[in-house]
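As provided, input.cif (mmCIF, C-alpha atoms) reads as follows.
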data_model
loop_
_atom_site.group_PDB
_atom_site.id
_atom_site.type_symbol
_atom_site.label_atom_id
_atom_site.label_comp_id
_atom_site.auth_asym_id
_atom_site.auth_seq_id
_atom_site.Cartn_x
_atom_site.Cartn_y
_atom_site.Cartn_z
ATOM 1 C CA MET A 1 33.067 -11.495 11.263
ATOM 2 C CA ASP A 2 32.179 -14.014 14.003
ATOM 3 C CA PHE A 3 28.987 -16.070 13.767
ATOM 4 C CA LEU A 4 27.078 -16.726 17.002
ATOM 5 C CA ARG A 5 24.468 -19.494 16.856
ATOM 6 C CA PRO A 6 22.434 -19.898 20.059
ATOM 7 C CA ALA A 7 20.097 -22.877 20.367
ATOM 8 C CA SER A 8 17.595 -21.244 22.758
ATOM 9 C CA TRP A 9 16.180 -17.856 23.689
ATOM 10 C CA GLU A 10 18.184 -17.811 26.920
ATOM 11 C CA GLU A 11 21.393 -18.461 24.987
ATOM 12 C CA ALA A 12 20.488 -15.710 22.532
ATOM 13 C CA LEU A 13 20.005 -13.188 25.358
ATOM 14 C CA ALA A 14 23.287 -14.231 26.943
ATOM 15 C CA ALA A 15 25.114 -13.836 23.620
ATOM 16 C CA LYS A 16 23.591 -10.403 23.064
ATOM 17 C CA ALA A 17 24.555 -9.332 26.581
ATOM 18 C CA GLU A 18 28.142 -10.450 25.999
ATOM 19 C CA HIS A 19 28.299 -8.921 22.504
ATOM 20 C CA PRO A 20 25.946 -5.872 22.436
ATOM 21 C CA THR A 21 27.088 -4.941 18.914
ATOM 22 C CA ALA A 22 26.034 -8.319 17.518
ATOM 23 C CA VAL A 23 23.527 -7.950 14.681
ATOM 24 C CA PRO A 24 20.593 -10.378 14.942
ATOM 25 C CA ILE A 25 19.768 -12.359 11.822
ATOM 26 C CA ALA A 26 16.736 -14.612 11.369
ATOM 27 C CA GLY A 27 15.251 -14.521 7.869
ATOM 28 C CA GLY A 28 18.226 -12.455 6.732
ATOM 29 C CA THR A 29 16.239 -10.730 3.994
ATOM 30 C CA ASP A 30 17.441 -7.268 5.091
ATOM 31 C CA VAL A 31 20.744 -7.978 6.835
ATOM 32 C CA MET A 32 22.237 -10.127 4.073
ATOM 33 C CA VAL A 33 21.484 -7.490 1.433
ATOM 34 C CA GLU A 34 23.434 -4.900 3.426
ATOM 35 C CA ILE A 35 26.325 -7.309 3.980
ATOM 36 C CA ASN A 36 26.427 -8.471 0.360
ATOM 37 C CA PHE A 37 26.622 -4.862 -0.857
ATOM 38 C CA ASP A 38 29.232 -4.089 1.791
ATOM 39 C CA HIS A 39 26.981 -1.457 3.365
ATOM 40 C CA ARG A 40 27.441 -3.153 6.714
ATOM 41 C CA ARG A 41 30.239 -5.246 8.177
ATOM 42 C CA PRO A 42 29.305 -6.192 11.769
ATOM 43 C CA GLU A 43 31.834 -7.757 14.086
ATOM 44 C CA TYR A 44 29.310 -10.405 15.154
ATOM 45 C CA LEU A 45 26.230 -11.937 13.551
ATOM 46 C CA LEU A 46 23.712 -13.432 15.977
ATOM 47 C CA ASP A 47 21.835 -16.202 14.157
ATOM 48 C CA LEU A 48 18.371 -16.707 15.705
ATOM 49 C CA GLY A 49 17.314 -19.421 13.262
ATOM 50 C CA ARG A 50 17.464 -22.209 15.848
ATOM 51 C CA VAL A 51 15.374 -20.357 18.470
ATOM 52 C CA GLY A 52 12.073 -22.171 17.976
ATOM 53 C CA ASP A 53 10.031 -19.880 20.251
ATOM 54 C CA LEU A 54 10.415 -17.054 17.752
ATOM 55 C CA TYR A 55 8.529 -19.030 15.097
ATOM 56 C CA GLU A 56 5.415 -19.631 17.207
ATOM 57 C CA TRP A 57 2.219 -17.640 17.599
ATOM 58 C CA GLU A 58 -0.615 -17.734 20.117
ATOM 59 C CA VAL A 59 -4.193 -16.630 19.469
ATOM 60 C CA GLY A 60 -5.761 -15.495 22.711
ATOM 61 C CA GLU A 61 -9.257 -14.273 23.481
ATOM 62 C CA ASP A 62 -8.483 -10.679 22.506
ATOM 63 C CA THR A 63 -4.922 -10.588 21.182
ATOM 64 C CA VAL A 64 -2.422 -12.443 19.046
ATOM 65 C CA ARG A 65 1.132 -12.943 20.275
ATOM 66 C CA LEU A 66 3.217 -13.213 17.124
ATOM 67 C CA GLY A 67 6.754 -14.541 17.429
ATOM 68 C CA ALA A 68 9.334 -12.233 15.886
ATOM 69 C CA SER A 69 10.371 -14.796 13.247
ATOM 70 C CA VAL A 70 6.925 -16.077 12.209
ATOM 71 C CA PRO A 71 7.209 -15.887 8.410
ATOM 72 C CA TYR A 72 4.868 -13.736 6.360
ATOM 73 C CA THR A 73 3.538 -16.859 4.632
ATOM 74 C CA ALA A 74 2.324 -18.224 7.966
ATOM 75 C CA ILE A 75 0.549 -14.933 8.722
ATOM 76 C CA MET A 76 -1.181 -15.035 5.335
ATOM 77 C CA GLU A 77 -2.248 -18.670 5.737
ATOM 78 C CA ASN A 78 -3.166 -18.794 9.429
ATOM 79 C CA LEU A 79 -4.004 -15.324 10.751
ATOM 80 C CA ARG A 80 -6.018 -13.695 7.993
ATOM 81 C CA ALA A 81 -9.157 -13.445 10.157
ATOM 82 C CA GLU A 82 -7.403 -12.210 13.290
ATOM 83 C CA LEU A 83 -4.888 -9.854 11.626
ATOM 84 C CA PRO A 84 -6.368 -8.927 8.231
ATOM 85 C CA GLY A 85 -4.336 -5.748 7.738
ATOM 86 C CA LEU A 86 -1.036 -7.497 8.457
ATOM 87 C CA ALA A 87 -2.043 -10.425 6.232
ATOM 88 C CA LEU A 88 -2.706 -8.031 3.348
ATOM 89 C CA ALA A 89 0.637 -6.332 3.938
ATOM 90 C CA SER A 90 2.348 -9.732 4.001
ATOM 91 C CA HIS A 91 1.010 -10.447 0.513
ATOM 92 C CA THR A 92 2.967 -7.479 -0.844
ATOM 93 C CA VAL A 93 6.338 -8.530 0.607
ATOM 94 C CA ALA A 94 8.830 -9.293 -2.159
ATOM 95 C CA SER A 95 8.686 -12.870 -3.504
ATOM 96 C CA PRO A 96 7.328 -16.202 -2.173
ATOM 97 C CA GLN A 97 10.858 -17.202 -1.172
ATOM 98 C CA ILE A 98 11.318 -14.064 0.936
ATOM 99 C CA ARG A 99 7.812 -14.360 2.410
ATOM 100 C CA ASN A 100 8.772 -17.868 3.528
ATOM 101 C CA ARG A 101 11.852 -16.543 5.355
ATOM 102 C CA GLY A 102 11.148 -12.981 6.454
ATOM 103 C CA GLY A 103 9.141 -11.979 9.509
ATOM 104 C CA VAL A 104 7.774 -8.947 11.304
ATOM 105 C CA GLY A 105 10.652 -8.923 13.793
ATOM 106 C CA GLY A 106 13.091 -8.259 10.977
ATOM 107 C CA ASN A 107 11.023 -5.327 9.730
ATOM 108 C CA LEU A 108 10.965 -3.874 13.234
ATOM 109 C CA GLY A 109 14.663 -4.455 13.840
ATOM 110 C CA THR A 110 15.663 -2.793 10.589
ATOM 111 C CA ALA A 111 13.113 0.001 11.191
ATOM 112 C CA SER A 112 13.229 1.118 7.565
ATOM 113 C CA PRO A 113 10.410 3.574 6.824
ATOM 114 C CA ALA A 114 9.647 1.413 3.763
ATOM 115 C CA GLY A 115 9.106 -1.796 5.761
ATOM 116 C CA ASP A 116 5.859 -3.373 4.605
ATOM 117 C CA ALA A 117 4.590 -4.445 8.041
ATOM 118 C CA HIS A 118 4.839 -1.035 9.738
ATOM 119 C CA PRO A 119 1.614 0.635 8.481
ATOM 120 C CA ALA A 120 -0.459 -2.407 9.448
ATOM 121 C CA LEU A 121 1.142 -2.588 12.904
ATOM 122 C CA LEU A 122 0.535 1.123 13.502
ATOM 123 C CA ALA A 123 -3.091 0.888 12.373
ATOM 124 C CA ALA A 124 -3.705 -2.123 14.606
ATOM 125 C CA GLY A 125 -2.028 -0.543 17.641
ATOM 126 C CA ALA A 126 0.581 -3.256 18.222
ATOM 127 C CA GLU A 127 3.057 -3.579 21.076
ATOM 128 C CA VAL A 128 6.605 -4.883 20.629
ATOM 129 C CA GLU A 129 7.841 -7.334 23.272
ATOM 130 C CA VAL A 130 11.590 -7.002 23.846
ATOM 131 C CA GLU A 131 13.881 -8.588 26.391
ATOM 132 C CA SER A 132 17.412 -8.414 27.769
ATOM 133 C CA ALA A 133 19.241 -10.787 30.092
ATOM 134 C CA ALA A 134 19.866 -8.013 32.623
ATOM 135 C CA ARG A 135 16.580 -6.084 32.675
ATOM 136 C CA GLY A 136 13.991 -8.638 31.650
ATOM 137 C CA THR A 137 10.972 -8.061 29.438
ATOM 138 C CA ARG A 138 9.207 -4.866 28.474
ATOM 139 C CA ARG A 139 6.587 -3.891 25.903
ATOM 140 C CA ILE A 140 6.999 -0.876 23.652
ATOM 141 C CA PRO A 141 3.942 0.633 21.919
ATOM 142 C CA VAL A 142 4.645 0.528 18.206
ATOM 143 C CA ASP A 143 4.042 4.293 17.983
ATOM 144 C CA ALA A 144 7.096 4.821 20.208
ATOM 145 C CA PHE A 145 9.258 2.109 18.641
ATOM 146 C CA TYR A 146 10.542 4.076 15.625
ATOM 147 C CA THR A 147 13.000 6.753 16.723
ATOM 148 C CA GLY A 148 14.620 7.825 13.433
ATOM 149 C CA VAL A 149 15.656 6.666 9.992
ATOM 150 C CA LYS A 150 16.433 2.966 10.495
ATOM 151 C CA ARG A 151 16.591 3.498 14.252
ATOM 152 C CA ASN A 152 14.409 1.984 16.945
ATOM 153 C CA ALA A 153 13.908 2.058 20.703
ATOM 154 C CA LEU A 154 15.872 -1.131 21.444
ATOM 155 C CA GLN A 155 18.669 -0.959 24.002
ATOM 156 C CA PRO A 156 22.010 -2.477 22.900
ATOM 157 C CA ASP A 157 21.444 -5.705 24.866
ATOM 158 C CA GLU A 158 17.788 -6.188 23.888
ATOM 159 C CA LEU A 159 16.252 -8.511 21.326
ATOM 160 C CA ILE A 160 12.750 -8.507 19.843
ATOM 161 C CA ARG A 161 10.856 -11.573 21.012
ATOM 162 C CA ALA A 162 7.277 -11.041 19.824
ATOM 163 C CA VAL A 163 4.616 -8.591 18.754
ATOM 164 C CA HIS A 164 1.265 -8.339 20.542
ATOM 165 C CA ILE A 165 -1.620 -7.273 18.310
ATOM 166 C CA ASP A 166 -5.308 -6.937 19.179
ATOM 167 C CA LYS A 167 -7.509 -9.254 17.150
ATOM 168 C CA ALA A 168 -9.402 -7.251 14.532
ATOM 169 C CA ASP A 169 -12.853 -6.167 15.689
ATOM 170 C CA GLY A 170 -13.572 -4.389 12.401
ATOM 171 C CA PRO A 171 -12.383 -4.196 8.798
ATOM 172 C CA GLN A 172 -8.748 -3.422 7.992
ATOM 173 C CA GLN A 173 -7.063 -2.518 4.717
ATOM 174 C CA TYR A 174 -3.588 -2.034 3.310
ATOM 175 C CA SER A 175 -2.370 -0.383 0.106
ATOM 176 C CA LYS A 176 1.085 -0.056 -1.377
ATOM 177 C CA VAL A 177 2.452 1.841 -4.360
ATOM 178 C CA GLY A 178 5.556 0.496 -6.071
ATOM 179 C CA THR A 179 7.431 0.955 -9.317
ATOM 180 C CA ARG A 180 6.276 -2.509 -10.425
ATOM 181 C CA ASN A 181 3.806 -5.166 -9.289
ATOM 182 C CA ALA A 182 6.144 -7.461 -7.330
ATOM 183 C CA MET A 183 9.603 -7.639 -5.736
ATOM 184 C CA VAL A 184 9.480 -3.933 -5.010
ATOM 185 C CA ILE A 185 10.321 -1.563 -2.155
ATOM 186 C CA ALA A 186 7.341 0.664 -1.400
ATOM 187 C CA VAL A 187 7.223 4.132 -2.907
ATOM 188 C CA CYS A 188 4.639 4.658 -0.173
ATOM 189 C CA ALA A 189 2.153 2.517 1.733
ATOM 190 C CA PHE A 190 -0.949 3.055 3.834
ATOM 191 C CA GLY A 191 -2.771 0.991 6.437
ATOM 192 C CA LEU A 192 -6.207 1.635 7.936
ATOM 193 C CA ALA A 193 -8.098 -0.168 10.691
ATOM 194 C CA LEU A 194 -11.607 0.431 12.000
ATOM 195 C CA HIS A 195 -12.092 -0.326 15.690
ATOM 196 C CA PRO A 196 -15.868 -0.391 16.260
ATOM 197 C CA ARG A 197 -15.570 -1.410 19.924
ATOM 198 C CA THR A 198 -13.830 1.855 20.748
ATOM 199 C CA ARG A 199 -15.414 3.751 17.822
ATOM 200 C CA THR A 200 -12.029 4.815 16.572
ATOM 201 C CA VAL A 201 -9.992 4.691 13.386
ATOM 202 C CA ARG A 202 -6.214 4.211 13.237
ATOM 203 C CA THR A 203 -3.843 4.732 10.343
ATOM 204 C CA GLY A 204 -0.290 3.858 9.378
ATOM 205 C CA ILE A 205 1.888 5.440 6.679
ATOM 206 C CA GLY A 206 5.053 3.913 5.288
ATOM 207 C CA SER A 207 7.869 5.268 3.114
ATOM 208 C CA ALA A 208 6.595 8.843 3.266
ATOM 209 C CA ALA A 209 8.478 10.202 6.284
ATOM 210 C CA PRO A 210 11.766 9.524 8.089
ATOM 211 C CA THR A 211 9.921 6.880 10.143
ATOM 212 C CA PRO A 212 6.620 5.032 9.769
ATOM 213 C CA VAL A 213 3.963 7.397 11.116
ATOM 214 C CA ARG A 214 0.290 7.706 11.920
ATOM 215 C CA ALA A 215 -1.910 10.457 10.510
ATOM 216 C CA THR A 216 -3.181 11.489 13.936
ATOM 217 C CA ALA A 217 -4.928 14.691 12.796
ATOM 218 C CA ALA A 218 -6.775 12.696 10.142
ATOM 219 C CA GLU A 219 -7.782 10.109 12.735
ATOM 220 C CA GLU A 220 -9.064 12.782 15.126
ATOM 221 C CA PHE A 221 -11.073 14.435 12.351
ATOM 222 C CA LEU A 222 -12.643 11.184 11.201
ATOM 223 C CA ASN A 223 -13.347 9.950 14.723
ATOM 224 C CA ALA A 224 -15.216 13.168 15.455
ATOM 225 C CA ALA A 225 -17.079 13.123 12.132
ATOM 226 C CA LEU A 226 -18.209 9.518 12.573
ATOM 227 C CA GLU A 227 -19.348 10.154 16.145
ATOM 228 C CA GLU A 228 -21.140 13.422 15.436
ATOM 229 C CA GLY A 229 -22.948 11.966 12.439
ATOM 230 C CA GLY A 230 -23.912 8.773 14.255
ATOM 231 C CA PHE A 231 -22.251 6.756 11.500
ATOM 232 C CA TRP A 232 -21.220 3.873 13.756
ATOM 233 C CA ASP A 233 -24.893 3.315 14.619
ATOM 234 C CA ASN A 234 -26.702 4.222 11.403
ATOM 235 C CA GLY A 235 -24.160 2.732 8.985
ATOM 236 C CA LYS A 236 -24.616 5.512 6.458
ATOM 237 C CA ILE A 237 -22.153 6.160 3.640
ATOM 238 C CA ILE A 238 -19.390 8.570 4.616
ATOM 239 C CA THR A 239 -19.849 11.835 2.732
ATOM 240 C CA PRO A 240 -17.395 12.624 -0.088
ATOM 241 C CA SER A 241 -16.399 15.847 1.643
ATOM 242 C CA ALA A 242 -15.463 13.971 4.831
ATOM 243 C CA ALA A 243 -13.518 11.368 2.857
ATOM 244 C CA LYS A 244 -11.654 14.119 0.990
ATOM 245 C CA ARG A 245 -10.795 15.953 4.205
ATOM 246 C CA PHE A 246 -9.524 12.721 5.725
ATOM 247 C CA ALA A 247 -7.365 12.085 2.644
ATOM 248 C CA ASP A 248 -5.985 15.634 2.694
ATOM 249 C CA LEU A 249 -5.017 15.314 6.356
ATOM 250 C CA CYS A 250 -3.305 11.985 5.666
ATOM 251 C CA SER A 251 -1.280 13.654 2.913
ATOM 252 C CA ALA A 252 -0.374 16.464 5.288
ATOM 253 C CA ALA A 253 0.972 13.932 7.811
ATOM 254 C CA CYS A 254 3.697 12.933 5.345
ATOM 255 C CA ASN A 255 7.219 14.319 5.353
ATOM 256 C CA PRO A 256 8.681 12.558 2.312
ATOM 257 C CA ILE A 257 11.836 12.935 0.247
ATOM 258 C CA ASP A 258 12.648 12.802 -3.444
ATOM 259 C CA ASP A 259 14.537 9.637 -4.348
ATOM 260 C CA VAL A 260 14.957 7.159 -7.191
ATOM 261 C CA ARG A 261 11.560 5.570 -6.465
ATOM 262 C CA GLY A 262 9.435 8.723 -6.437
ATOM 263 C CA THR A 263 9.185 12.410 -5.674
ATOM 264 C CA ALA A 264 7.987 13.906 -2.426
ATOM 265 C CA SER A 265 4.973 15.481 -4.122
ATOM 266 C CA TYR A 266 3.988 12.174 -5.694
ATOM 267 C CA ARG A 267 4.224 10.401 -2.351
ATOM 268 C CA ARG A 268 1.951 12.960 -0.682
ATOM 269 C CA HIS A 269 -0.562 12.647 -3.512
ATOM 270 C CA ALA A 270 -0.464 8.840 -3.506
ATOM 271 C CA VAL A 271 -0.956 8.625 0.258
ATOM 272 C CA GLY A 272 -4.056 10.805 -0.070
ATOM 273 C CA VAL A 273 -5.456 8.576 -2.813
ATOM 274 C CA MET A 274 -4.774 5.423 -0.801
ATOM 275 C CA ALA A 275 -6.317 6.970 2.319
ATOM 276 C CA ARG A 276 -9.548 7.808 0.507
ATOM 277 C CA ARG A 277 -9.752 4.411 -1.167
ATOM 278 C CA THR A 278 -8.995 2.355 1.930
ATOM 279 C CA LEU A 279 -11.513 4.392 3.920
ATOM 280 C CA THR A 280 -14.140 3.627 1.279
ATOM 281 C CA TRP A 281 -13.302 -0.085 1.261
ATOM 282 C CA THR A 282 -13.213 -0.523 5.024
ATOM 283 C CA TRP A 283 -16.393 1.463 5.618
ATOM 284 C CA GLU A 284 -18.266 -0.507 2.954
ATOM 285 C CA SER A 285 -17.117 -3.705 4.676
ATOM 286 C CA TYR A 286 -18.343 -2.348 8.009
ATOM 287 C CA ARG A 287 -21.715 -1.394 6.520
ATOM 288 C CA GLY A 288 -22.027 -4.812 4.904
ATOM 289 C CA ALA A 289 -21.317 -6.562 8.206
ATOM 290 C CA ARG A 290 -23.914 -4.398 9.947
ATOM 291 C CA ARG A 291 -26.543 -5.236 7.329
ATOM 292 C CA ALA A 292 -25.768 -8.930 7.643
ATOM 293 C CA THR A 293 -26.079 -8.773 11.436
ATOM 294 C CA GLU A 294 -29.346 -6.854 11.270
ATOM 295 C CA GLY A 295 -30.714 -9.283 8.684
ATOM 296 C CA ALA A 296 -29.823 -12.286 10.815
ATOM 297 C CA ALA A 297 -31.555 -10.695 13.786
#
Since I need it in another form, could you write the structure as structure tokens?
Amino acid sequence: MDFLRPASWEEALAAKAEHPTAVPIAGGTDVMVEINFDHRRPEYLLDLGRVGDLYEWEVGEDTVRLGASVPYTAIMENLRAELPGLALASHTVASPQIRNRGGVGGNLGTASPAGDAHPALLAAGAEVEVESAARGTRRIPVDAFYTGVKRNALQPDELIRAVHIDKADGPQQYSKVGTRNAMVIAVCAFGLALHPRTRTVRTGIGSAAPTPVRATAAEEFLNAALEEGGFWDNGKIITPSAAKRFADLCSAACNPIDDVRGTASYRRHAVGVMARRTLTWTWESYRGARRATEGAA
């Protein structure tokens, strides 16, 4: 196994173009596990640890550009207000040591359905910035990024450079079920984001289908229910029947398997419970913010 160690982004792209089968490694929290268990034996490893651009983030007027290797700890400490759903998801990642090393780019590159960042990225409507030496830069909507079990939309000569995420304009939540309280791969996970500016709700489901998915039918139902009932304007409590229907549709969006961490039926049930709870939490936060704004006025 040859070890490639570029010192800049341009060198990294050139190395990937010359060796398309090279496996990128930054935090190494996924790749090294596969290598250590002899599940993977790549011909080349492409170490991105010296590419400083990947560890930087920019907070713009409306969006955050998050470098692919920004560690989860930095997201938790610096971007909680702008990216609350992703910050909550970051809290659930493994151990402090892994949170200090791992980043969102690694989750996207591995494309495991159990990756902790995926539900939050789907709920926020992120875009993945990728680049190749030959074809330049393009952005892939996160909905289109996952193409199969541990497969993504990257071309062989492309690398993930950053993720673009709209700054939160409403409450966001994240829930995860595991077999213990820490250092655990998700049995299933759920992300929810309210977008008051567009009067829409987005979801993200992890570890309950071959790829991370959105519950689009549930979103369409809830968007219509909130609009028809004037909930965005009147701030009323969402009815239990609407919350239950939303949860049922989220469960129906799953296509899980039975494995050592949980059964398919349990995953469907748990996703429904998390959907109802996160909807309750986010809507209460939205109502509280409305009351505070009205009181200040």
List the residues sitting within 9 Å of (21.0, -9.4, 20.8) in the file's frame, using all atoms listed in the file, as a ChimeraX atom specification.
-> /A:12-24,46,132,156-160
Of A:Phe3, A:Trp283, A:Tyr266, A:Tyr72, the one nearest to Gln172 of chain A when counting all atoms listed in the file is A:Trp283
Kindly assemble as CSV a list of the segment 141-255 of chain A residues that lie within 9 Å of segment 50-63 of chain A, each paired with its nearest atom pair and their distance in Å to one decimal, using all atoms listed in the file, sorted first by chain and then by ascending residue number.
residue,atom,partner,partner_atom,distance
A:Arg161,CA,A:Leu54,CA,6.4
A:Ala162,CA,A:Leu54,CA,7.1
A:His164,CA,A:Thr63,CA,6.6
A:Ile165,CA,A:Thr63,CA,5.5
A:Asp166,CA,A:Thr63,CA,4.2
A:Lys167,CA,A:Thr63,CA,5.0
A:Ala168,CA,A:Thr63,CA,8.7
Taking the file as shown, find all residues satisfying the PyMOL selection byres ((chain A and resi 250) around 9) and write them as a list of chain:residue names.
-> A:Thr203, A:Ile205, A:Arg214, A:Ala215, A:Thr216, A:Ala217, A:Ala218, A:Glu219, A:Arg245, A:Phe246, A:Ala247, A:Asp248, A:Leu249, A:Ser251, A:Ala252, A:Ala253, A:Cys254, A:Arg268, A:Val271, A:Gly272, A:Ala275
Just to be explicit: take each residue in the selection above, keep C-alpha atoms, and write the result as a PDB file, in the coordinates of the input.
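What follows is the written file again_24.pdb:
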ATOM      1  CA  THR A 203      -3.843   4.732  10.343  1.00  0.00           C
ATOM      2  CA  ILE A 205       1.888   5.440   6.679  1.00  0.00           C
ATOM      3  CA  ARG A 214       0.290   7.706  11.920  1.00  0.00           C
ATOM      4  CA  ALA A 215      -1.910  10.457  10.510  1.00  0.00           C
ATOM      5  CA  THR A 216      -3.181  11.489  13.936  1.00  0.00           C
ATOM      6  CA  ALA A 217      -4.928  14.691  12.796  1.00  0.00           C
ATOM      7  CA  ALA A 218      -6.775  12.696  10.142  1.00  0.00           C
ATOM      8  CA  GLU A 219      -7.782  10.109  12.735  1.00  0.00           C
ATOM      9  CA  ARG A 245     -10.795  15.953   4.205  1.00  0.00           C
ATOM     10  CA  PHE A 246      -9.524  12.721   5.725  1.00  0.00           C
ATOM     11  CA  ALA A 247      -7.365  12.085   2.644  1.00  0.00           C
ATOM     12  CA  ASP A 248      -5.985  15.634   2.694  1.00  0.00           C
ATOM     13  CA  LEU A 249      -5.017  15.314   6.356  1.00  0.00           C
ATOM     14  CA  SER A 251      -1.280  13.654   2.913  1.00  0.00           C
ATOM     15  CA  ALA A 252      -0.374  16.464   5.288  1.00  0.00           C
ATOM     16  CA  ALA A 253       0.972  13.932   7.811  1.00  0.00           C
ATOM     17  CA  CYS A 254       3.697  12.933   5.345  1.00  0.00           C
ATOM     18  CA  ARG A 268       1.951  12.960  -0.682  1.00  0.00           C
ATOM     19  CA  VAL A 271      -0.956   8.625   0.258  1.00  0.00           C
ATOM     20  CA  GLY A 272      -4.056  10.805  -0.070  1.00  0.00           C
ATOM     21  CA  ALA A 275      -6.317   6.970   2.319  1.00  0.00           C
TER      22      ALA A 275
END
Just give me the residues with any atom within 6 Å of (-2.1, 1.1, 4.0), file coordinates, counting all atoms listed in the file, written as a ChimeraX atom specification.
-> /A:119,174-175,189-192
Put those residues in a file: C-alpha atoms, as a short mmCIF file (atom, residue, chain, number, x, y, z; two decimals), keeping the file's coordinate frame.
data_model
loop_
_atom_site.label_atom_id
_atom_site.label_comp_id
_atom_site.auth_asym_id
_atom_site.auth_seq_id
_atom_site.Cartn_x
_atom_site.Cartn_y
_atom_site.Cartn_z
CA PRO A 119 1.61 0.64 8.48
CA TYR A 174 -3.59 -2.03 3.31
CA SER A 175 -2.37 -0.38 0.11
CA ALA A 189 2.15 2.52 1.73
CA PHE A 190 -0.95 3.06 3.83
CA GLY A 191 -2.77 0.99 6.44
CA LEU A 192 -6.21 1.64 7.94
#
Using all atoms listed in the file, which residue out of A:Ala193, A:Ile257, A:Val70, A:Val213 lies closest to Ser285 of chain A?
-> A:Ala193
Can you list, as number ranges by chain, every protein, DNA or RNA residue that comes within 10 Å of Leu48 of chain A when you count only C-alpha atoms, leaving out same-chain residues fewer than 6 positions away?
-> A: 4-9, 11-12, 24-28, 54, 69
